[in-house]
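Following: one structure in structure tokens, then a few remarks.
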Amino acid sequence: MAVPSFTAPVVTFNAIKGLFKASYTVSDSTVKAEGFGDNEYQAKRSAVVTYRNTNPLAFLDLPA
């Protein structure tokens with residue numbers, strides 16, 4: 001499995017909850033990586049970490 005690449009993030013702000021939401025589309029799939037945080041940076045990082053936790057082999061760069 002090749003190391004995934006992410007599209008540019010779509011960042012939105014929920015004024016009611018006071019949280020940012022970041023979502024990426026992962027390369028070569030329709031899978032979305034989504035995360036929440038107090039600022040844009042935390043939301044982006046949360047999205048990547050959440051994706052990594054659900055797909056642990058994605059970042060190992062193992063040959064197919």
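A note on labels: chains of the structure tokens are A, B, ... as shown, every chain counts residues from 1, and ligands are counted from 1 in their shown order.
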Shell around Ala8 in chain A at 12 Å using only C-alpha atoms, local window under 4 positions removed, as a list in words: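 Residues near the query, excluding close chain neighbours: Ala22, Ser23, Tyr24, Thr25, Val26, Ser27, Lys32, Ala33 and Lys44 of chain A.
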Writing out the chosen residues with all heavy atoms as a PDB file, in the first residue's frame:
ATOM      1  N   ALA A  22     -12.299  19.866   9.690  1.00  0.00           N
ATOM      2  CA  ALA A  22     -11.485  19.726   8.484  1.00  0.00           C
ATOM      3  C   ALA A  22     -11.776  18.377   7.858  1.00  0.00           C
ATOM      4  O   ALA A  22     -11.905  17.373   8.558  1.00  0.00           O
ATOM      5  CB  ALA A  22     -10.006  19.820   8.827  1.00  0.00           C
ATOM      6  N   SER A  23     -11.897  18.359   6.541  1.00  0.00           N
ATOM      7  CA  SER A  23     -12.096  17.090   5.853  1.00  0.00           C
ATOM      8  C   SER A  23     -11.208  17.045   4.618  1.00  0.00           C
ATOM      9  O   SER A  23     -11.068  18.019   3.889  1.00  0.00           O
ATOM     10  CB  SER A  23     -13.560  16.880   5.476  1.00  0.00           C
ATOM     11  OG  SER A  23     -13.993  17.869   4.595  1.00  0.00           O
ATOM     12  N   TYR A  24     -10.575  15.906   4.432  1.00  0.00           N
ATOM     13  CA  TYR A  24      -9.706  15.623   3.301  1.00  0.00           C
ATOM     14  C   TYR A  24     -10.292  14.453   2.541  1.00  0.00           C
ATOM     15  O   TYR A  24     -10.891  13.567   3.138  1.00  0.00           O
ATOM     16  CB  TYR A  24      -8.318  15.177   3.753  1.00  0.00           C
ATOM     17  CG  TYR A  24      -7.483  16.191   4.479  1.00  0.00           C
ATOM     18  CD1 TYR A  24      -7.481  16.270   5.861  1.00  0.00           C
ATOM     19  CD2 TYR A  24      -6.644  17.036   3.776  1.00  0.00           C
ATOM     20  CE1 TYR A  24      -6.685  17.163   6.531  1.00  0.00           C
ATOM     21  CE2 TYR A  24      -5.831  17.941   4.439  1.00  0.00           C
ATOM     22  CZ  TYR A  24      -5.857  17.993   5.819  1.00  0.00           C
ATOM     23  OH  TYR A  24      -5.051  18.886   6.473  1.00  0.00           O
ATOM     24  N   THR A  25     -10.054  14.397   1.238  1.00  0.00           N
ATOM     25  CA  THR A  25     -10.324  13.198   0.470  1.00  0.00           C
ATOM     26  C   THR A  25      -8.985  12.512   0.258  1.00  0.00           C
ATOM     27  O   THR A  25      -8.012  13.159  -0.127  1.00  0.00           O
ATOM     28  CB  THR A  25     -10.973  13.528  -0.887  1.00  0.00           C
ATOM     29  OG1 THR A  25     -12.183  14.244  -0.640  1.00  0.00           O
ATOM     30  CG2 THR A  25     -11.297  12.269  -1.670  1.00  0.00           C
ATOM     31  N   VAL A  26      -8.937  11.226   0.513  1.00  0.00           N
ATOM     32  CA  VAL A  26      -7.698  10.466   0.408  1.00  0.00           C
ATOM     33  C   VAL A  26      -7.524  10.021  -1.040  1.00  0.00           C
ATOM     34  O   VAL A  26      -8.486   9.649  -1.705  1.00  0.00           O
ATOM     35  CB  VAL A  26      -7.730   9.252   1.363  1.00  0.00           C
ATOM     36  CG1 VAL A  26      -6.442   8.471   1.299  1.00  0.00           C
ATOM     37  CG2 VAL A  26      -8.004   9.717   2.777  1.00  0.00           C
ATOM     38  N   SER A  27      -6.268  10.055  -1.527  1.00  0.00           N
ATOM     39  CA  SER A  27      -5.975   9.717  -2.909  1.00  0.00           C
ATOM     40  C   SER A  27      -6.426   8.306  -3.273  1.00  0.00           C
ATOM     41  O   SER A  27      -6.394   7.398  -2.450  1.00  0.00           O
ATOM     42  CB  SER A  27      -4.475   9.831  -3.161  1.00  0.00           C
ATOM     43  OG  SER A  27      -3.787   8.903  -2.356  1.00  0.00           O
ATOM     44  N   LYS A  32     -13.037   9.659   3.184  1.00  0.00           N
ATOM     45  CA  LYS A  32     -12.828  11.002   3.726  1.00  0.00           C
ATOM     46  C   LYS A  32     -12.176  10.893   5.089  1.00  0.00           C
ATOM     47  O   LYS A  32     -12.539  10.052   5.892  1.00  0.00           O
ATOM     48  CB  LYS A  32     -14.147  11.739   3.862  1.00  0.00           C
ATOM     49  CG  LYS A  32     -14.753  12.159   2.568  1.00  0.00           C
ATOM     50  CD  LYS A  32     -15.196  13.587   2.673  1.00  0.00           C
ATOM     51  CE  LYS A  32     -15.720  14.058   1.349  1.00  0.00           C
ATOM     52  NZ  LYS A  32     -15.098  15.249   0.940  1.00  0.00           N
ATOM     53  N   ALA A  33     -11.220  11.767   5.323  1.00  0.00           N
ATOM     54  CA  ALA A  33     -10.603  11.883   6.641  1.00  0.00           C
ATOM     55  C   ALA A  33     -11.163  13.151   7.259  1.00  0.00           C
ATOM     56  O   ALA A  33     -11.051  14.231   6.678  1.00  0.00           O
ATOM     57  CB  ALA A  33      -9.091  11.963   6.514  1.00  0.00           C
ATOM     58  N   LYS A  44      -7.123  19.948  11.245  1.00  0.00           N
ATOM     59  CA  LYS A  44      -6.392  19.261  10.178  1.00  0.00           C
ATOM     60  C   LYS A  44      -5.597  18.090  10.739  1.00  0.00           C
ATOM     61  O   LYS A  44      -5.589  16.999  10.178  1.00  0.00           O
ATOM     62  CB  LYS A  44      -5.454  20.235   9.476  1.00  0.00           C
ATOM     63  CG  LYS A  44      -6.162  21.299   8.673  1.00  0.00           C
ATOM     64  CD  LYS A  44      -5.156  22.288   8.115  1.00  0.00           C
ATOM     65  CE  LYS A  44      -5.814  23.475   7.465  1.00  0.00           C
ATOM     66  NZ  LYS A  44      -4.809  24.455   7.010  1.00  0.00           N
TER      67      LYS A  44
END
Residue contacts of Val3 in chain A (9 Å, only C-alpha atoms) excluding same-chain residues fewer than 5 positions away, as number ranges by chain: A: 58-62
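Across A:Leu19, A:Thr30, A:Gly35, A:Glu40, the tightest approach to Arg52 in chain A is made by A:Gly35 when counting only C-alpha atoms.
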Among the residues A:Pro56, A:Glu34, A:Gly18, A:Arg45, the one that comes closest to Pro4 in chain A [using only C-alpha atoms]: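 Using only C-alpha atoms, the shortest distance to Pro4 in chain A belongs to A:Pro56.
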Non-local contacts of Ala43 in chain A (10 Å; only C-alpha atoms; under 4 positions in same chain excluded) as a VMD selection string: chain A and resid 9 11 to 12 19 to 23 34 to 39 47 to 49
For CA of Asp28 in chain A and CA of Ser46 in chain A, the interatomic separation in Å (one decimal):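 Straight-line distance from CA of Asp28 in chain A to CA of Ser46 in chain A works out to 20.9 Å.
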Go through chain A and collect every residue that DSSP, computed from the backbone, puts in alpha helix (DSSP H); the answer should be as a PDB file with N, CA and C atoms, in the first residue's frame.
ATOM      1  N   GLU A  40      -7.898  25.750  13.225  1.00  0.00           N
ATOM      2  CA  GLU A  40      -7.749  25.035  11.960  1.00  0.00           C
ATOM      3  C   GLU A  40      -6.656  23.978  12.023  1.00  0.00           C
ATOM      4  N   TYR A  41      -5.535  24.324  12.651  1.00  0.00           N
ATOM      5  CA  TYR A  41      -4.420  23.388  12.733  1.00  0.00           C
ATOM      6  C   TYR A  41      -4.832  22.110  13.462  1.00  0.00           C
ATOM      7  N   GLN A  42      -5.504  22.244  14.593  1.00  0.00           N
ATOM      8  CA  GLN A  42      -5.923  21.063  15.358  1.00  0.00           C
ATOM      9  C   GLN A  42      -6.910  20.218  14.567  1.00  0.00           C
ATOM     10  N   ALA A  43      -7.807  20.859  13.823  1.00  0.00           N
ATOM     11  CA  ALA A  43      -8.786  20.112  13.033  1.00  0.00           C
ATOM     12  C   ALA A  43      -8.099  19.327  11.923  1.00  0.00           C
ATOM     13  N   LYS A  44      -7.123  19.948  11.245  1.00  0.00           N
ATOM     14  CA  LYS A  44      -6.392  19.261  10.178  1.00  0.00           C
ATOM     15  C   LYS A  44      -5.597  18.090  10.739  1.00  0.00           C
ATOM     16  N   ARG A  45      -4.926  18.314  11.861  1.00  0.00           N
ATOM     17  CA  ARG A  45      -4.126  17.263  12.475  1.00  0.00           C
ATOM     18  C   ARG A  45      -5.018  16.128  12.949  1.00  0.00           C
ATOM     19  N   SER A  46      -6.151  16.451  13.532  1.00  0.00           N
ATOM     20  CA  SER A  46      -7.088  15.444  13.999  1.00  0.00           C
ATOM     21  C   SER A  46      -7.590  14.576  12.851  1.00  0.00           C
ATOM     22  N   ALA A  47      -7.827  15.178  11.697  1.00  0.00           N
ATOM     23  CA  ALA A  47      -8.301  14.422  10.537  1.00  0.00           C
ATOM     24  C   ALA A  47      -7.260  13.394  10.100  1.00  0.00           C
ATOM     25  N   VAL A  48      -6.002  13.791  10.026  1.00  0.00           N
ATOM     26  CA  VAL A  48      -4.949  12.870   9.601  1.00  0.00           C
ATOM     27  C   VAL A  48      -4.726  11.781  10.646  1.00  0.00           C
ATOM     28  N   VAL A  49      -4.727  12.150  11.920  1.00  0.00           N
ATOM     29  CA  VAL A  49      -4.527  11.169  12.988  1.00  0.00           C
ATOM     30  C   VAL A  49      -5.680  10.175  13.031  1.00  0.00           C
ATOM     31  N   THR A  50      -6.896  10.648  12.858  1.00  0.00           N
ATOM     32  CA  THR A  50      -8.057   9.758  12.841  1.00  0.00           C
ATOM     33  C   THR A  50      -7.969   8.776  11.682  1.00  0.00           C
ATOM     34  N   TYR A  51      -7.561   9.271  10.512  1.00  0.00           N
ATOM     35  CA  TYR A  51      -7.398   8.384   9.355  1.00  0.00           C
ATOM     36  C   TYR A  51      -6.310   7.350   9.616  1.00  0.00           C
ATOM     37  N   ARG A  52      -5.199   7.786  10.205  1.00  0.00           N
ATOM     38  CA  ARG A  52      -4.095   6.872  10.499  1.00  0.00           C
ATOM     39  C   ARG A  52      -4.521   5.809  11.500  1.00  0.00           C
ATOM     40  N   ASN A  53      -5.326   6.170  12.484  1.00  0.00           N
ATOM     41  CA  ASN A  53      -5.783   5.197  13.483  1.00  0.00           C
ATOM     42  C   ASN A  53      -6.722   4.161  12.891  1.00  0.00           C
ATOM     43  N   THR A  54      -7.541   4.556  11.922  1.00  0.00           N
ATOM     44  CA  THR A  54      -8.470   3.596  11.312  1.00  0.00           C
ATOM     45  C   THR A  54      -7.805   2.784  10.210  1.00  0.00           C
TER      46      THR A  54
END
Residues flagged strand (DSSP E or B) by DSSP in chain A, as a PyMOL selection string: chain A and resi 6+10-14+19-26+32-37
Mind writing the picked residues with all heavy atoms as a short mmCIF file (atom, residue, chain, number, x, y, z; two decimals), in the first residue's frame?
data_model
loop_
_atom_site.label_atom_id
_atom_site.label_comp_id
_atom_site.auth_asym_id
_atom_site.auth_seq_id
_atom_site.Cartn_x
_atom_site.Cartn_y
_atom_site.Cartn_z
N PHE A 6 -3.35 13.44 0.46
CA PHE A 6 -4.62 14.06 0.79
C PHE A 6 -4.86 15.28 -0.10
O PHE A 6 -3.91 15.97 -0.47
CB PHE A 6 -4.62 14.51 2.26
CG PHE A 6 -4.47 13.38 3.24
CD1 PHE A 6 -3.23 13.01 3.73
CD2 PHE A 6 -5.57 12.68 3.67
CE1 PHE A 6 -3.09 11.98 4.62
CE2 PHE A 6 -5.44 11.64 4.57
CZ PHE A 6 -4.20 11.29 5.04
N VAL A 10 -10.91 20.98 3.38
CA VAL A 10 -12.08 21.84 3.42
C VAL A 10 -12.33 22.11 4.90
O VAL A 10 -12.65 21.19 5.65
CB VAL A 10 -13.30 21.16 2.77
CG1 VAL A 10 -14.53 22.03 2.91
CG2 VAL A 10 -13.03 20.82 1.32
N VAL A 11 -12.13 23.36 5.32
CA VAL A 11 -12.25 23.71 6.72
C VAL A 11 -13.49 24.57 6.91
O VAL A 11 -13.68 25.57 6.22
CB VAL A 11 -11.00 24.45 7.23
CG1 VAL A 11 -11.15 24.82 8.69
CG2 VAL A 11 -9.76 23.62 7.01
N THR A 12 -14.35 24.17 7.84
CA THR A 12 -15.54 24.94 8.17
C THR A 12 -15.55 25.22 9.67
O THR A 12 -14.87 24.53 10.44
CB THR A 12 -16.82 24.18 7.78
OG1 THR A 12 -16.83 22.92 8.44
CG2 THR A 12 -16.91 23.97 6.28
N PHE A 13 -16.30 26.22 10.06
CA PHE A 13 -16.40 26.58 11.48
C PHE A 13 -17.85 26.49 11.91
O PHE A 13 -18.74 27.04 11.26
CB PHE A 13 -15.88 28.01 11.71
CG PHE A 13 -15.95 28.44 13.15
CD1 PHE A 13 -15.12 27.89 14.09
CD2 PHE A 13 -16.86 29.39 13.56
CE1 PHE A 13 -15.17 28.28 15.42
CE2 PHE A 13 -16.93 29.79 14.88
CZ PHE A 13 -16.09 29.24 15.82
N ASN A 14 -18.10 25.77 12.99
CA ASN A 14 -19.43 25.66 13.57
C ASN A 14 -19.51 26.64 14.73
O ASN A 14 -18.92 26.43 15.78
CB ASN A 14 -19.67 24.22 14.05
CG ASN A 14 -21.07 24.01 14.56
OD1 ASN A 14 -21.73 24.94 15.01
ND2 ASN A 14 -21.53 22.77 14.49
N LEU A 19 -16.29 24.91 17.12
CA LEU A 19 -15.25 24.00 16.65
C LEU A 19 -15.04 24.14 15.14
O LEU A 19 -15.98 24.42 14.40
CB LEU A 19 -15.63 22.55 16.95
CG LEU A 19 -15.64 22.12 18.40
CD1 LEU A 19 -16.16 20.70 18.52
CD2 LEU A 19 -14.26 22.23 19.01
N PHE A 20 -13.82 23.90 14.73
CA PHE A 20 -13.49 23.82 13.31
C PHE A 20 -13.59 22.36 12.89
O PHE A 20 -13.29 21.45 13.67
CB PHE A 20 -12.06 24.32 13.06
CG PHE A 20 -11.92 25.80 13.15
CD1 PHE A 20 -11.63 26.41 14.35
CD2 PHE A 20 -12.06 26.59 12.02
CE1 PHE A 20 -11.49 27.78 14.44
CE2 PHE A 20 -11.92 27.96 12.09
CZ PHE A 20 -11.63 28.57 13.30
N LYS A 21 -13.99 22.14 11.64
CA LYS A 21 -14.04 20.79 11.07
C LYS A 21 -13.22 20.80 9.80
O LYS A 21 -13.41 21.67 8.94
CB LYS A 21 -15.47 20.39 10.75
CG LYS A 21 -15.58 19.04 10.07
CD LYS A 21 -17.00 18.71 9.66
CE LYS A 21 -17.04 17.41 8.90
NZ LYS A 21 -18.37 17.14 8.37
N ALA A 22 -12.30 19.87 9.69
CA ALA A 22 -11.49 19.73 8.48
C ALA A 22 -11.78 18.38 7.86
O ALA A 22 -11.90 17.37 8.56
CB ALA A 22 -10.01 19.82 8.83
N SER A 23 -11.90 18.36 6.54
CA SER A 23 -12.10 17.09 5.85
C SER A 23 -11.21 17.04 4.62
O SER A 23 -11.07 18.02 3.89
CB SER A 23 -13.56 16.88 5.48
OG SER A 23 -13.99 17.87 4.59
N TYR A 24 -10.58 15.91 4.43
CA TYR A 24 -9.71 15.62 3.30
C TYR A 24 -10.29 14.45 2.54
O TYR A 24 -10.89 13.57 3.14
CB TYR A 24 -8.32 15.18 3.75
CG TYR A 24 -7.48 16.19 4.48
CD1 TYR A 24 -7.48 16.27 5.86
CD2 TYR A 24 -6.64 17.04 3.78
CE1 TYR A 24 -6.68 17.16 6.53
CE2 TYR A 24 -5.83 17.94 4.44
CZ TYR A 24 -5.86 17.99 5.82
OH TYR A 24 -5.05 18.89 6.47
N THR A 25 -10.05 14.40 1.24
CA THR A 25 -10.32 13.20 0.47
C THR A 25 -8.99 12.51 0.26
O THR A 25 -8.01 13.16 -0.13
CB THR A 25 -10.97 13.53 -0.89
OG1 THR A 25 -12.18 14.24 -0.64
CG2 THR A 25 -11.30 12.27 -1.67
N VAL A 26 -8.94 11.23 0.51
CA VAL A 26 -7.70 10.47 0.41
C VAL A 26 -7.52 10.02 -1.04
O VAL A 26 -8.49 9.65 -1.71
CB VAL A 26 -7.73 9.25 1.36
CG1 VAL A 26 -6.44 8.47 1.30
CG2 VAL A 26 -8.00 9.72 2.78
N LYS A 32 -13.04 9.66 3.18
CA LYS A 32 -12.83 11.00 3.73
C LYS A 32 -12.18 10.89 5.09
O LYS A 32 -12.54 10.05 5.89
CB LYS A 32 -14.15 11.74 3.86
CG LYS A 32 -14.75 12.16 2.57
CD LYS A 32 -15.20 13.59 2.67
CE LYS A 32 -15.72 14.06 1.35
NZ LYS A 32 -15.10 15.25 0.94
N ALA A 33 -11.22 11.77 5.32
CA ALA A 33 -10.60 11.88 6.64
C ALA A 33 -11.16 13.15 7.26
O ALA A 33 -11.05 14.23 6.68
CB ALA A 33 -9.09 11.96 6.51
N GLU A 34 -11.81 13.04 8.41
CA GLU A 34 -12.43 14.19 9.05
C GLU A 34 -11.93 14.34 10.48
O GLU A 34 -11.68 13.35 11.16
CB GLU A 34 -13.95 14.03 9.07
CG GLU A 34 -14.56 14.02 7.68
CD GLU A 34 -16.07 13.92 7.71
OE1 GLU A 34 -16.64 13.45 8.71
OE2 GLU A 34 -16.68 14.30 6.72
N GLY A 35 -11.80 15.58 10.89
CA GLY A 35 -11.35 15.86 12.24
C GLY A 35 -11.91 17.17 12.75
O GLY A 35 -12.31 18.03 11.97
N PHE A 36 -11.92 17.31 14.07
CA PHE A 36 -12.44 18.51 14.71
C PHE A 36 -11.38 19.09 15.64
O PHE A 36 -10.55 18.36 16.16
CB PHE A 36 -13.70 18.18 15.53
CG PHE A 36 -14.83 17.66 14.70
CD1 PHE A 36 -14.99 16.31 14.47
CD2 PHE A 36 -15.74 18.55 14.13
CE1 PHE A 36 -16.03 15.83 13.70
CE2 PHE A 36 -16.78 18.08 13.36
CZ PHE A 36 -16.93 16.72 13.14
N GLY A 37 -11.43 20.41 15.85
CA GLY A 37 -10.49 21.04 16.76
C GLY A 37 -10.87 22.46 17.10
O GLY A 37 -11.77 23.04 16.49
#
